[in-house]
Amino acid sequence: MSDATLEREEGARLMPRFDDAGLITAVVTDGTSGDVLMLAHMNREALDLSIATGIAHYWSRSRRKLWKKGETSGALQTIQEMRIDCDQDAVWLKVSVARPEETCHTGRTSCFYRRVELGKPSGELTEVLAKALR
């Protein structure tokens, strides 16, 4: 194992490994329940802003711009804890959400609101989280 690999995997210094597009994967969970809320991506600026402000920032691949989660909806994500995986190519954010019913743009508390029914050839989906009443 090289010194750089050892430092990245065992050291006390943040050395994120961004992919070829300059992104790192971010898994986001509710800091209280542990429920998975969303999966997103961060570029260097989003990661740095998240660390500096304690508010989750991401890189929108579809809009190709920095995205402060909840800036327009009010569903700001306050970071309670941030972890990085063993080879520093993914982060895990434990957050509290100011308006949980606005976590997903569909009006649900999680972006993972449908279950894939296993063993069925059509790949059927079953809704497991209803839309919030507005």
# chains A, B, ... in the order shown; residues from 1 in each chain; ligands from 1

call {"tool": "residues_around", "arguments": {"residues": "Met38 in chain A", "least_positions_apart": "2", "cutoff": "8 Å", "atoms": "only C-alpha atoms", "output": "list of chain:residue names"}}
result
A:Val27, A:Val28, A:Thr29, A:Val36, A:Ala40, A:Cys104, A:Ser110, A:Cys111, A:Phe112

call {"tool": "write_last_selection", "arguments": {"atoms": "N, CA, C and O atoms", "output": "short mmCIF file (atom, residue, chain, number, x, y, z; two decimals), in the first residue's frame"}}
result
data_model
loop_
_atom_site.label_atom_id
_atom_site.label_comp_id
_atom_site.auth_asym_id
_atom_site.auth_seq_id
_atom_site.Cartn_x
_atom_site.Cartn_y
_atom_site.Cartn_z
N VAL A 27 -24.60 10.43 0.36
CA VAL A 27 -25.78 9.73 0.87
C VAL A 27 -26.30 10.58 2.03
O VAL A 27 -25.53 10.95 2.91
N VAL A 28 -27.60 10.87 2.01
CA VAL A 28 -28.17 11.77 3.01
C VAL A 28 -29.24 11.04 3.80
O VAL A 28 -30.18 10.49 3.21
N THR A 29 -29.07 11.02 5.13
CA THR A 29 -30.05 10.36 5.99
C THR A 29 -30.57 11.34 7.03
O THR A 29 -29.92 12.34 7.36
N VAL A 36 -33.12 6.96 4.90
CA VAL A 36 -32.43 7.54 3.76
C VAL A 36 -33.34 8.59 3.14
O VAL A 36 -34.49 8.30 2.81
N ALA A 40 -27.17 12.36 -3.58
CA ALA A 40 -26.81 13.53 -4.38
C ALA A 40 -25.32 13.48 -4.68
O ALA A 40 -24.65 12.50 -4.36
N CYS A 104 -38.23 15.87 -0.76
CA CYS A 104 -38.25 15.48 -2.17
C CYS A 104 -39.12 16.47 -2.94
O CYS A 104 -40.15 16.93 -2.44
N SER A 110 -38.90 11.65 1.69
CA SER A 110 -37.72 10.98 1.18
C SER A 110 -37.84 10.82 -0.33
O SER A 110 -38.95 10.66 -0.85
N CYS A 111 -36.72 10.87 -1.01
CA CYS A 111 -36.73 10.60 -2.45
C CYS A 111 -36.90 9.11 -2.75
O CYS A 111 -37.22 8.73 -3.86
N PHE A 112 -36.71 8.29 -1.73
CA PHE A 112 -36.86 6.83 -1.88
C PHE A 112 -38.24 6.41 -1.39
O PHE A 112 -38.37 5.79 -0.35
#

call {"tool": "select_by_dssp", "arguments": {"residues": "range 16-89 of chain A", "states": "helix (DSSP H, G or I)", "output": "list in words"}}
result
Arg44, Glu45, Ala46, Leu47, Asp48, Leu49, Ser50, Ile51, Ala52 and Thr53 of chain A

call {"tool": "atom_distance", "arguments": {"atom1": "CA of Ala26 in chain A", "atom2": "CA of Trp92 in chain A"}}
result
5.7 Å

call {"tool": "residues_around", "arguments": {"residues": "Ala75 in chain A", "least_positions_apart": "5", "cutoff": "9 Å", "atoms": "only C-alpha atoms", "output": "PyMOL selection string"}}
result
chain A and resi 69-70+97-103

call {"tool": "residues_around", "arguments": {"residues": "Tyr58 in chain A", "least_positions_apart": "6", "cutoff": "8 Å", "atoms": "only C-alpha atoms", "output": "list in words"}}
result
Ala40, His41, Met42, Asn43, Ala46, Leu47, Leu66, Trp67, Lys68 and Lys69 of chain A

call {"tool": "closest_residue", "arguments": {"among": "A:Arg17, A:Arg108, A:Lys65, A:His57", "to": "Leu37 in chain A", "atoms": "only C-alpha atoms"}}
result
A:Arg108

call {"tool": "select_by_dssp", "arguments": {"residues": "range 29-116 of chain A", "states": "strand (DSSP E or B)", "output": "PyMOL selection string"}}
result
chain A and resi 29-30+36-42+55+57-60+65-68+77-84+90-97+114-116

call {"tool": "residues_around", "arguments": {"residues": "Ala4 in chain A", "least_positions_apart": "6", "cutoff": "12 Å", "atoms": "only C-alpha atoms", "output": "mmCIF file with C-alpha atoms, in the first residue's frame"}}
result
data_model
loop_
_atom_site.group_PDB
_atom_site.id
_atom_site.type_symbol
_atom_site.label_atom_id
_atom_site.label_comp_id
_atom_site.auth_asym_id
_atom_site.auth_seq_id
_atom_site.Cartn_x
_atom_site.Cartn_y
_atom_site.Cartn_z
ATOM 1 C CA GLU A 10 -6.188 5.532 7.700
ATOM 2 C CA GLY A 11 -5.110 9.152 8.190
ATOM 3 C CA ARG A 13 -6.795 14.389 6.872
ATOM 4 C CA MET A 15 -8.500 13.894 1.014
ATOM 5 C CA ARG A 17 -11.418 11.489 -4.302
ATOM 6 C CA ASP A 87 -11.310 5.486 0.328
#

call {"tool": "residues_around", "arguments": {"residues": "Gln77 in chain A", "least_positions_apart": "5", "cutoff": "6 Å", "atoms": "only C-alpha atoms", "output": "mmCIF file with N, CA, C and O atoms, in the first residue's frame"}}
result
data_model
loop_
_atom_site.group_PDB
_atom_site.id
_atom_site.type_symbol
_atom_site.label_atom_id
_atom_site.label_comp_id
_atom_site.auth_asym_id
_atom_site.auth_seq_id
_atom_site.Cartn_x
_atom_site.Cartn_y
_atom_site.Cartn_z
ATOM 1 N N ILE A 55 -24.645 23.711 6.391
ATOM 2 C CA ILE A 55 -25.863 23.561 5.587
ATOM 3 C C ILE A 55 -25.475 22.791 4.327
ATOM 4 O O ILE A 55 -24.480 23.113 3.675
ATOM 5 N N ALA A 56 -26.270 21.778 3.971
ATOM 6 C CA ALA A 56 -25.935 20.920 2.836
ATOM 7 C C ALA A 56 -26.027 21.664 1.509
ATOM 8 O O ALA A 56 -27.031 22.313 1.217
ATOM 9 N N VAL A 95 -28.597 14.627 8.642
ATOM 10 C CA VAL A 95 -29.134 15.986 8.635
ATOM 11 C C VAL A 95 -30.451 16.090 9.393
ATOM 12 O O VAL A 95 -31.140 15.094 9.619
ATOM 13 N N SER A 96 -30.787 17.317 9.743
ATOM 14 C CA SER A 96 -32.152 17.638 10.152
ATOM 15 C C SER A 96 -32.696 18.537 9.055
ATOM 16 O O SER A 96 -31.972 19.379 8.502
ATOM 17 N N VAL A 97 -33.950 18.338 8.718
ATOM 18 C CA VAL A 97 -34.575 19.073 7.616
ATOM 19 C C VAL A 97 -35.604 20.041 8.186
ATOM 20 O O VAL A 97 -36.473 19.643 8.966
#

call {"tool": "residues_around", "arguments": {"residues": "Val128 in chain A", "least_positions_apart": "3", "cutoff": "7 Å", "atoms": "only C-alpha atoms", "output": "PyMOL selection string"}}
result
chain A and resi 113-115

call {"tool": "closest_residue", "arguments": {"among": "A:Met82, A:Leu129, A:Val91, A:Leu118", "to": "Thr106 in chain A", "atoms": "only C-alpha atoms"}}
result
A:Leu129
